[in-house]
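Source file: model.csv; contents: CSV, C-alpha atoms.
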```
chain,number,residue,atom,x,y,z
I,1,MET,CA,99.1,57.1,169.7
I,2,SER,CA,97.4,60.5,170.3
I,3,ILE,CA,93.7,60.8,170.6
I,4,ILE,CA,93.8,64.4,169.3
I,5,SER,CA,92.8,65.0,165.7
I,6,ASN,CA,95.5,65.7,163.2
I,7,ASN,CA,93.4,68.6,161.9
I,8,LEU,CA,93.6,70.2,165.4
I,9,LYS,CA,97.3,69.8,165.5
I,10,ARG,CA,97.6,72.0,162.4
I,11,ILE,CA,96.3,75.1,164.2
I,12,LYS,CA,97.3,77.2,167.2
I,13,PRO,CA,95.2,78.8,170.0
I,14,SER,CA,94.2,82.4,169.4
I,15,PRO,CA,97.2,84.7,170.2
I,16,THR,CA,95.0,87.6,171.1
I,17,ILE,CA,93.1,85.6,173.6
I,18,ALA,CA,96.3,84.2,175.0
I,19,VAL,CA,97.8,87.7,175.6
I,20,THR,CA,94.6,88.9,177.3
I,21,GLN,CA,94.5,85.8,179.5
I,22,LYS,CA,98.2,86.2,180.5
I,23,ALA,CA,97.6,89.9,181.3
I,24,LYS,CA,94.6,88.8,183.6
I,25,GLU,CA,96.7,86.3,185.4
I,26,LEU,CA,99.5,88.8,186.1
I,27,LYS,CA,97.0,91.3,187.2
I,28,ALA,CA,95.4,88.7,189.6
I,29,SER,CA,98.8,88.0,191.1
I,30,GLY,CA,99.0,91.7,192.1
I,31,LYS,CA,101.1,93.2,189.2
I,32,ASP,CA,100.2,96.5,187.7
I,33,ILE,CA,99.1,95.5,184.1
I,34,ILE,CA,97.5,97.5,181.4
I,35,GLY,CA,95.9,95.3,178.7
I,36,LEU,CA,96.0,96.6,175.2
I,37,GLY,CA,95.5,93.2,173.6
I,38,ALA,CA,91.7,92.8,173.4
I,39,GLY,CA,89.6,93.9,170.5
I,40,GLU,CA,86.7,94.9,172.6
I,41,PRO,CA,85.0,98.4,172.9
I,42,ASP,CA,85.2,99.7,176.5
I,43,PHE,CA,81.7,101.3,176.1
I,44,ASP,CA,78.7,99.5,177.6
I,45,THR,CA,75.9,98.1,175.5
I,46,PRO,CA,73.3,100.9,175.1
I,47,GLU,CA,70.4,100.9,177.5
I,48,ASN,CA,67.6,100.4,174.9
I,49,ILE,CA,69.3,97.2,173.7
I,50,LYS,CA,69.6,95.9,177.2
I,51,GLN,CA,65.9,96.7,177.8
I,52,ALA,CA,64.9,94.8,174.7
I,53,ALA,CA,66.7,91.7,176.1
I,54,ILE,CA,65.0,92.1,179.5
I,55,LYS,CA,61.6,92.4,177.7
I,56,ALA,CA,62.3,89.3,175.7
I,57,ILE,CA,63.1,87.3,178.9
I,58,LYS,CA,60.0,88.6,180.7
I,59,GLU,CA,57.8,87.7,177.7
I,60,GLY,CA,59.2,84.1,177.6
I,61,ASP,CA,61.2,84.5,174.4
I,62,THR,CA,63.5,81.9,175.8
I,63,LYS,CA,63.0,78.9,173.5
I,64,TYR,CA,64.8,77.5,170.4
I,65,THR,CA,64.6,79.7,167.4
I,66,ALA,CA,65.1,78.9,163.7
I,67,VAL,CA,68.6,77.5,163.3
I,68,ASP,CA,70.1,80.5,161.5
I,69,GLY,CA,68.1,83.4,163.0
I,70,THR,CA,64.6,84.6,163.8
I,71,PRO,CA,62.5,86.2,161.0
I,72,ALA,CA,62.5,89.4,163.1
I,73,LEU,CA,66.3,89.6,163.2
I,74,LYS,CA,66.7,88.6,159.5
I,75,SER,CA,64.2,91.3,158.6
I,76,ALA,CA,66.3,93.9,160.6
I,77,ILE,CA,69.5,92.7,158.9
I,78,ILE,CA,67.8,93.1,155.4
I,79,LYS,CA,66.8,96.6,156.4
I,80,LYS,CA,70.3,97.4,157.6
I,81,PHE,CA,71.9,96.3,154.3
I,82,LYS,CA,69.4,98.4,152.3
I,83,ARG,CA,69.6,101.5,154.6
I,84,GLU,CA,73.4,101.6,155.0
I,85,ASN,CA,74.8,99.9,152.0
I,86,ASN,CA,72.0,100.1,149.4
I,87,LEU,CA,72.1,96.3,149.0
I,88,ASP,CA,69.0,94.2,148.4
I,89,TYR,CA,68.7,90.7,150.0
I,90,GLN,CA,65.9,88.2,150.5
I,91,ILE,CA,65.3,86.4,153.8
I,92,ASP,CA,66.8,83.2,152.4
I,93,GLN,CA,70.1,85.1,151.7
I,94,ILE,CA,70.6,85.9,155.4
I,95,THR,CA,72.3,83.8,158.1
I,96,VAL,CA,72.8,84.6,161.8
I,97,GLY,CA,75.5,82.9,163.9
I,98,THR,CA,76.9,82.9,167.4
I,99,GLY,CA,79.3,85.8,166.6
I,100,GLY,CA,81.0,86.8,163.4
I,101,LYS,CA,83.7,84.1,164.0
I,102,GLN,CA,81.1,81.3,163.8
I,103,VAL,CA,79.7,82.7,160.5
I,104,ILE,CA,83.2,82.7,158.9
I,105,TYR,CA,83.9,79.2,160.4
I,106,ASN,CA,80.6,77.9,159.0
I,107,ALA,CA,81.2,79.4,155.6
I,108,MET,CA,84.6,77.7,155.3
I,109,MET,CA,83.4,74.4,156.6
I,110,ALA,CA,80.4,74.4,154.2
I,111,THR,CA,82.4,75.3,151.1
I,112,LEU,CA,86.1,74.1,151.3
I,113,ASN,CA,87.4,70.8,150.0
I,114,GLU,CA,90.9,69.4,150.5
I,115,GLY,CA,93.3,71.4,148.5
I,116,ASP,CA,91.1,74.4,148.0
I,117,GLU,CA,93.0,77.7,148.4
I,118,VAL,CA,91.9,80.8,150.3
I,119,ILE,CA,93.9,84.0,149.7
I,120,ILE,CA,94.4,85.9,153.0
I,121,PRO,CA,96.0,89.3,152.9
I,122,ALA,CA,98.5,89.8,155.7
I,123,PRO,CA,98.4,91.3,158.3
I,124,TYR,CA,95.3,89.3,158.9
I,125,TRP,CA,92.9,88.6,161.8
I,126,VAL,CA,94.5,85.7,163.6
I,127,SER,CA,91.7,83.2,163.1
I,128,TYR,CA,91.4,83.3,159.3
I,129,PRO,CA,94.2,80.9,158.5
I,130,ASP,CA,93.4,78.4,161.3
I,131,ILE,CA,89.7,78.3,160.3
I,132,VAL,CA,90.7,77.5,156.7
I,133,LEU,CA,93.1,74.8,157.9
I,134,LEU,CA,90.4,73.3,160.1
I,135,ALA,CA,88.1,73.2,157.1
I,136,GLY,CA,90.7,71.3,155.1
I,137,GLY,CA,91.7,74.2,152.9
I,138,THR,CA,95.1,75.8,152.2
I,139,PRO,CA,95.7,79.4,153.4
I,140,VAL,CA,97.6,81.4,150.8
I,141,ILE,CA,99.2,84.4,152.5
I,142,LEU,CA,99.5,87.6,150.4
I,143,GLU,CA,101.8,90.0,152.3
I,144,CYS,CA,100.8,93.6,152.3
I,145,ASN,CA,103.6,95.7,153.9
I,146,GLU,CA,103.5,99.1,155.5
I,147,LYS,CA,104.8,100.8,152.3
I,148,GLN,CA,101.5,100.0,150.6
I,149,GLY,CA,99.5,101.0,153.7
I,150,PHE,CA,99.0,97.3,154.7
I,151,LYS,CA,96.6,97.0,151.7
I,152,ILE,CA,96.4,94.7,148.7
I,153,ASN,CA,98.3,95.7,145.5
I,154,PRO,CA,95.7,94.5,142.9
I,155,ALA,CA,98.5,93.5,140.4
I,156,GLU,CA,100.2,91.4,143.1
I,157,LEU,CA,96.8,89.8,144.0
I,158,GLU,CA,96.4,88.4,140.4
I,159,LYS,CA,99.7,86.5,140.8
I,160,TYR,CA,98.2,84.6,143.7
I,161,ILE,CA,95.0,83.4,142.0
I,162,THR,CA,95.2,79.8,140.8
I,163,LYS,CA,92.6,77.2,139.6
I,164,LYS,CA,92.5,76.0,143.2
I,165,THR,CA,91.6,79.5,144.6
I,166,LYS,CA,88.1,79.3,146.1
I,167,TRP,CA,87.9,82.4,148.3
I,168,ILE,CA,89.7,85.6,149.0
I,169,ILE,CA,89.0,87.2,152.4
I,170,LEU,CA,88.8,91.0,152.6
I,171,ASN,CA,88.7,92.9,155.9
I,172,SER,CA,88.1,96.6,155.9
I,173,PRO,CA,88.5,98.4,158.3
I,174,SER,CA,91.2,96.0,159.2
I,175,ASN,CA,92.1,94.1,162.3
I,176,PRO,CA,95.0,94.4,163.1
I,177,THR,CA,96.1,97.5,161.2
I,178,GLY,CA,93.0,99.8,161.0
I,179,ALA,CA,93.7,100.1,157.2
I,180,CYS,CA,90.6,100.9,155.2
I,181,TYR,CA,89.9,100.2,151.5
I,182,SER,CA,88.3,103.2,149.7
I,183,GLU,CA,85.7,102.7,147.1
I,184,ASN,CA,88.4,103.2,144.5
I,185,ASP,CA,90.6,100.6,146.2
I,186,ILE,CA,87.7,98.1,146.2
I,187,LYS,CA,86.9,98.7,142.6
I,188,LYS,CA,90.5,98.1,141.5
I,189,ILE,CA,90.4,94.7,143.4
I,190,GLY,CA,87.0,94.0,141.9
I,191,ASN,CA,88.4,94.6,138.4
I,192,ILE,CA,90.9,91.7,139.0
I,193,LEU,CA,88.3,89.4,140.6
I,194,GLU,CA,85.8,89.9,137.8
I,195,LYS,CA,88.2,88.0,135.5
I,196,TYR,CA,88.1,84.9,137.8
I,197,PRO,CA,84.4,83.8,138.3
I,198,HIS,CA,85.5,80.7,140.3
I,199,VAL,CA,86.8,82.9,143.1
I,200,PHE,CA,84.3,83.9,145.9
I,201,ILE,CA,84.8,86.8,148.2
I,202,LEU,CA,84.3,86.9,152.0
I,203,SER,CA,84.0,90.5,153.0
I,204,ASP,CA,84.5,90.9,156.8
I,205,ASP,CA,82.9,94.3,157.6
I,206,ILE,CA,82.7,94.0,161.3
I,207,TYR,CA,84.3,97.4,161.9
I,208,GLU,CA,82.1,99.2,159.3
I,209,HIS,CA,81.0,101.8,161.8
I,210,VAL,CA,84.4,102.6,163.3
I,211,THR,CA,85.9,105.0,160.7
I,212,TYR,CA,87.3,108.4,160.9
I,213,GLY,CA,87.4,111.8,159.2
I,214,ASN,CA,86.0,111.8,155.7
I,215,PHE,CA,86.5,108.1,155.0
I,216,LYS,CA,83.4,106.7,153.4
I,217,PHE,CA,82.8,102.9,153.9
I,218,PHE,CA,82.3,100.8,150.7
I,219,THR,CA,81.8,97.1,150.6
I,220,ILE,CA,82.6,94.9,147.6
I,221,ALA,CA,79.0,93.5,147.3
I,222,GLN,CA,78.1,97.0,146.1
I,223,ILE,CA,79.8,96.1,142.8
I,224,ASP,CA,76.9,94.6,140.8
I,225,ASN,CA,79.0,92.2,138.8
I,226,LEU,CA,80.4,90.6,141.9
I,227,LYS,CA,77.5,90.6,144.3
I,228,GLU,CA,76.5,87.0,143.5
I,229,ARG,CA,80.0,85.8,144.6
I,230,VAL,CA,80.2,87.8,147.8
I,231,LEU,CA,79.4,86.7,151.4
I,232,THR,CA,79.2,89.9,153.4
I,233,MET,CA,79.8,89.3,157.1
I,234,ASN,CA,79.0,91.7,159.9
I,235,GLY,CA,77.7,91.7,163.4
I,236,VAL,CA,76.7,93.8,166.5
I,237,SER,CA,79.8,93.2,168.6
I,238,LYS,CA,81.9,96.3,167.7
I,239,ALA,CA,79.4,99.0,166.6
I,240,TYR,CA,77.0,98.3,169.4
I,241,SER,CA,79.5,97.1,172.1
I,242,MET,CA,77.8,93.7,172.2
I,243,THR,CA,80.9,91.4,172.1
I,244,GLY,CA,79.5,89.1,174.9
I,245,TRP,CA,76.1,88.8,173.3
I,246,ARG,CA,77.6,86.8,170.4
I,247,ILE,CA,75.6,87.7,167.3
I,248,GLY,CA,77.1,87.8,163.9
I,249,TYR,CA,75.4,87.7,160.5
I,250,ALA,CA,76.0,87.5,156.8
I,251,ALA,CA,74.3,88.0,153.5
I,252,GLY,CA,75.1,86.2,150.3
I,253,PRO,CA,74.3,83.5,147.7
I,254,LYS,CA,71.3,81.3,148.7
I,255,ASP,CA,73.2,78.0,148.2
I,256,ILE,CA,76.0,79.1,150.6
I,257,ILE,CA,73.5,80.4,153.2
I,258,LYS,CA,71.6,77.1,153.0
I,259,ALA,CA,74.9,75.2,153.5
I,260,ILE,CA,75.8,77.3,156.4
I,261,ALA,CA,72.5,76.5,158.1
I,262,LYS,CA,73.2,72.8,157.6
I,263,ILE,CA,76.5,73.1,159.4
I,264,GLN,CA,75.0,75.2,162.2
I,265,SER,CA,72.2,72.7,162.7
I,266,GLN,CA,74.8,70.1,163.7
I,267,SER,CA,76.9,72.4,165.9
I,268,THR,CA,75.3,75.2,168.0
I,269,THR,CA,71.8,75.2,166.5
I,270,ASN,CA,70.4,78.7,167.0
I,271,PRO,CA,72.2,81.7,168.6
I,272,SER,CA,70.7,82.8,171.9
I,273,SER,CA,67.1,83.9,171.5
I,274,ILE,CA,67.7,86.7,174.0
I,275,SER,CA,70.7,88.0,172.1
I,276,GLN,CA,68.8,87.9,168.9
I,277,ALA,CA,66.0,90.0,170.4
I,278,ALA,CA,68.6,92.5,171.6
I,279,ALA,CA,70.2,92.6,168.1
I,280,VAL,CA,66.8,93.4,166.5
I,281,GLU,CA,66.7,96.5,168.7
I,282,ALA,CA,70.4,97.3,168.0
I,283,LEU,CA,69.8,97.3,164.2
I,284,ASN,CA,66.3,98.9,164.2
I,285,GLY,CA,66.8,101.4,167.1
I,286,VAL,CA,68.6,104.7,167.6
I,287,GLN,CA,72.0,104.8,165.8
I,288,SER,CA,73.3,108.3,166.8
I,289,PHE,CA,75.6,107.0,169.5
I,290,ILE,CA,77.7,105.1,166.9
I,291,LYS,CA,79.1,108.3,165.5
I,292,GLU,CA,79.7,109.8,169.0
I,293,ARG,CA,81.7,106.7,170.0
I,294,ALA,CA,83.7,106.8,166.7
I,295,THR,CA,84.7,110.4,167.5
I,296,SER,CA,85.9,109.2,170.9
I,297,PHE,CA,87.9,106.4,169.3
I,298,GLN,CA,89.4,109.0,166.8
I,299,GLU,CA,90.7,111.1,169.7
I,300,ARG,CA,92.4,108.1,171.2
I,301,ARG,CA,93.8,107.1,167.8
I,302,ASP,CA,95.3,110.5,167.3
I,303,PHE,CA,96.9,110.5,170.8
I,304,VAL,CA,98.3,107.0,170.4
I,305,VAL,CA,99.7,107.5,166.9
I,306,ASN,CA,101.4,110.8,167.9
I,307,ALA,CA,102.8,109.4,171.1
I,308,LEU,CA,104.2,106.3,169.4
I,309,ASN,CA,105.9,108.3,166.6
I,310,GLU,CA,107.7,110.3,169.3
I,311,ILE,CA,109.4,107.2,170.6
I,312,GLU,CA,112.8,106.5,169.0
I,313,GLY,CA,112.7,103.2,167.2
I,314,ILE,CA,108.9,103.1,166.7
I,315,GLU,CA,107.1,104.0,163.5
I,316,CYS,CA,103.3,104.0,163.3
I,317,LEU,CA,100.9,104.7,160.4
I,318,LYS,CA,97.7,106.6,161.1
I,319,PRO,CA,94.8,104.3,160.3
I,320,ASP,CA,91.3,105.3,159.0
I,321,GLY,CA,89.3,102.9,161.0
I,322,ALA,CA,88.9,100.1,163.6
I,323,PHE,CA,90.4,100.7,167.1
I,324,TYR,CA,93.9,99.3,166.5
I,325,VAL,CA,97.3,100.6,165.5
I,326,PHE,CA,100.1,98.4,164.1
I,327,PRO,CA,103.4,100.1,164.8
I,328,SER,CA,106.8,98.8,163.7
I,329,CYS,CA,109.4,97.8,166.2
I,330,LYS,CA,111.9,96.7,163.6
I,331,SER,CA,114.5,99.3,164.6
I,332,LEU,CA,114.6,97.8,168.1
I,333,ILE,CA,115.3,94.2,167.0
I,334,GLY,CA,118.8,93.1,168.1
I,335,LYS,CA,118.8,95.3,171.3
I,336,LYS,CA,118.8,94.0,174.8
I,337,ASP,CA,116.4,94.8,177.7
I,338,SER,CA,117.3,95.8,181.2
I,339,LYS,CA,117.7,92.1,182.2
I,340,GLY,CA,120.1,91.5,179.3
I,341,LYS,CA,117.6,89.5,177.2
I,342,GLU,CA,118.1,90.1,173.5
I,343,ILE,CA,115.1,91.2,171.4
I,344,LYS,CA,115.4,88.8,168.5
I,345,ARG,CA,111.8,89.0,167.2
I,346,ASP,CA,108.6,90.9,167.8
I,347,THR,CA,107.5,88.1,170.2
I,348,ASP,CA,110.5,88.9,172.4
I,349,PHE,CA,109.7,92.6,172.3
I,350,VAL,CA,106.1,91.9,173.3
I,351,GLN,CA,107.0,89.5,176.1
I,352,SER,CA,109.7,91.8,177.5
I,353,LEU,CA,107.4,94.8,177.4
I,354,LEU,CA,104.8,92.8,179.5
I,355,GLU,CA,107.3,91.4,182.0
I,356,ASN,CA,109.3,94.5,182.5
I,357,ASN,CA,106.8,97.3,182.1
I,358,GLY,CA,103.4,95.6,182.5
I,359,ILE,CA,101.9,96.5,179.1
I,360,ALA,CA,100.1,93.7,177.2
I,361,VAL,CA,100.1,94.0,173.4
I,362,VAL,CA,100.1,91.4,170.6
I,363,GLN,CA,103.1,90.6,168.3
I,364,GLY,CA,102.8,91.4,164.6
I,365,SER,CA,103.9,87.8,163.7
I,366,ALA,CA,100.6,86.5,165.1
I,367,PHE,CA,98.9,88.5,162.3
I,368,GLY,CA,101.3,87.3,159.7
I,369,LEU,CA,103.8,90.2,159.5
I,370,GLU,CA,107.0,90.1,161.6
I,371,GLY,CA,108.5,93.2,163.2
I,372,PHE,CA,105.3,94.9,164.4
I,373,PHE,CA,102.9,94.8,167.3
I,374,ARG,CA,99.2,95.6,167.7
I,375,ILE,CA,97.8,98.0,170.2
I,376,SER,CA,94.0,98.1,170.8
I,377,TYR,CA,93.1,101.6,172.0
I,378,ALA,CA,89.6,100.6,173.0
I,379,THR,CA,90.3,101.6,176.6
I,380,SER,CA,90.3,104.8,178.6
I,381,MET,CA,92.5,107.8,177.7
I,382,LYS,CA,93.9,107.5,181.3
I,383,ASN,CA,95.0,104.0,180.6
I,384,LEU,CA,96.4,104.9,177.2
I,385,GLN,CA,98.4,107.8,178.6
I,386,LYS,CA,99.9,105.6,181.3
I,387,ALA,CA,100.6,102.8,178.8
I,388,LEU,CA,102.3,105.0,176.3
I,389,GLU,CA,104.6,106.4,179.0
I,390,LYS,CA,105.5,102.9,179.9
I,391,ILE,CA,106.1,101.8,176.3
I,392,SER,CA,108.3,104.9,175.9
I,393,SER,CA,110.2,104.1,179.0
I,394,PHE,CA,110.7,100.5,177.9
I,395,CYS,CA,112.0,101.4,174.5
I,396,LYS,CA,114.5,103.9,176.0
I,397,SER,CA,115.8,101.1,178.3
I,398,LEU,CA,116.7,98.9,175.4
I,399,LYS,CA,120.5,99.0,174.7
```
Mind converting the file's structure to structure tokens?
Amino acid sequence: MSIISNNLKRIKPSPTIAVTQKAKELKASGKDIIGLGAGEPDFDTPENIKQAAIKAIKEGDTKYTAVDGTPALKSAIIKKFKRENNLDYQIDQITVGTGGKQVIYNAMMATLNEGDEVIIPAPYWVSYPDIVLLAGGTPVILECNEKQGFKINPAELEKYITKKTKWIILNSPSNPTGACYSENDIKKIGNILEKYPHVFILSDDIYEHVTYGNFKFFTIAQIDNLKERVLTMNGVSKAYSMTGWRIGYAAGPKDIIKAIAKIQSQSTTNPSSISQAAAVEALNGVQSFIKERATSFQERRDFVVNALNEIEGIECLKPDGAFYVFPSCKSLIGKKDSKGKEIKRDTDFVQSLLENNGIAVVQGSAFGLEGFFRISYATSMKNLQKALEKISSFCKSLK
């Protein structure tokens, strides 16, 4: 008889973390490895944010805080939503968690009952289905292929809504594809969801500030008729290069926010007081560097997309945001690598690429769509140039 919970047996470890760990192990053993698996900006946390944290330490701001965030941070979050999204929230509509992942986890744990369904468009961020399963819900996967730009077809969405549907998760810009929903796209989805008042919407906006060209970010809570059913999740990890500080936040209906606080009170209690002080400065302080960094990411995106599309057997759409691309390797399935191993699936492609050419990427099937792989270009141009040469060499070696 196993001591491990049956609930835990339903889920798998994070594939992206597994790839990153494998790459680190190979690197530690002396192999030349370039990791393109982690969704982490390579820029440092800005100095003013670091100084705010140091000041908080020196002033003794090192005690417990309110469970779901300090009044100062909640105030900064309210100002952010008003300033950037023209959304009005009260302090009891804001929650702060130990990263965006915890906010999503808390929301599902606080709201899902056995048999409740959550619509998750695929490709999806790897943790969505497993969080739903842990909370006792049922993930319902809505496949969005490359022909539709990896985005929801509103007419198709309606077919997936049932009496059991409690949530739909929207993620724009998307991890893993970088696909972005325009205001028009969001409004078309909104038109469908307005017909189903029992369905709540979790909008994962963590990549809000990583967009390119003329794309204008729009979040579904900006649709007045839907706002009371939307939990809008964001955080400081991506825009402010604060992944290790672990601060995520959300705004939404008071009853959900209160329930999230109840869950959090029995798990982590408050997020780090130091990280919260730093996040106040991040949201209230200078914002100009965000655009500069997005421009740098855009240059890398352009290079990576162009280089991938020059490789025979690889096809890659150009995304409008985030720092990922999601190229297809379907044309290479069925070929054999230099050691005679057959590439039967995208997992074989990814494993062979790492073992033979030292490039760590993540298989598309981990994100719910077979025949693709994800590259994070949140690394130096030098690394990207070297990596793309090796990917090209690997693909040419397949027979």
**Request:** Mind giving me the straight-line distance from CA of Asn153 (chain I) to CA of Pro123 (chain I) in Å, one decimal?
**Result:**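 It comes out at 13.5 Å.
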Smallest atom-to-atom distance to Val236 (chain I): which of I:Lys166, I:Lys80, I:Lys262, I:Lys195, using all atoms listed in the file?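 With all atoms listed in the file as the atom set, the closest residue is I:Lys80.
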Of I:Ala155, I:Cys329, I:Leu308, I:Leu87, the one nearest to Glu228 (chain I) when counting only C-alpha atoms is I:Leu87
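The two atoms in question, CA of Cys316 (chain I) and CA of Gln363 (chain I), are spaced 14.3 Å apart.
Using all atoms listed in the file, the shortest contact distance between Thr62 (chain I) and any of I:Leu142, I:Cys395, I:Leu231, I:Ala277 is found at I:Ala277.
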Requested in this report: Can you work out which one of I:Ala56, I:Ala122, I:Leu133, I:Val96 has the shortest atom-to-atom distance to Ile11 (chain I), counting all atoms listed in the file?
Outcome: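 Under the stated criterion, the closest residue is I:Leu133.
Counting all atoms listed in the file, the residue from I:Gly97, I:Asp320, I:Ile54, I:Gly60 that sits nearest to Ser182 (chain I) is I:Asp320.
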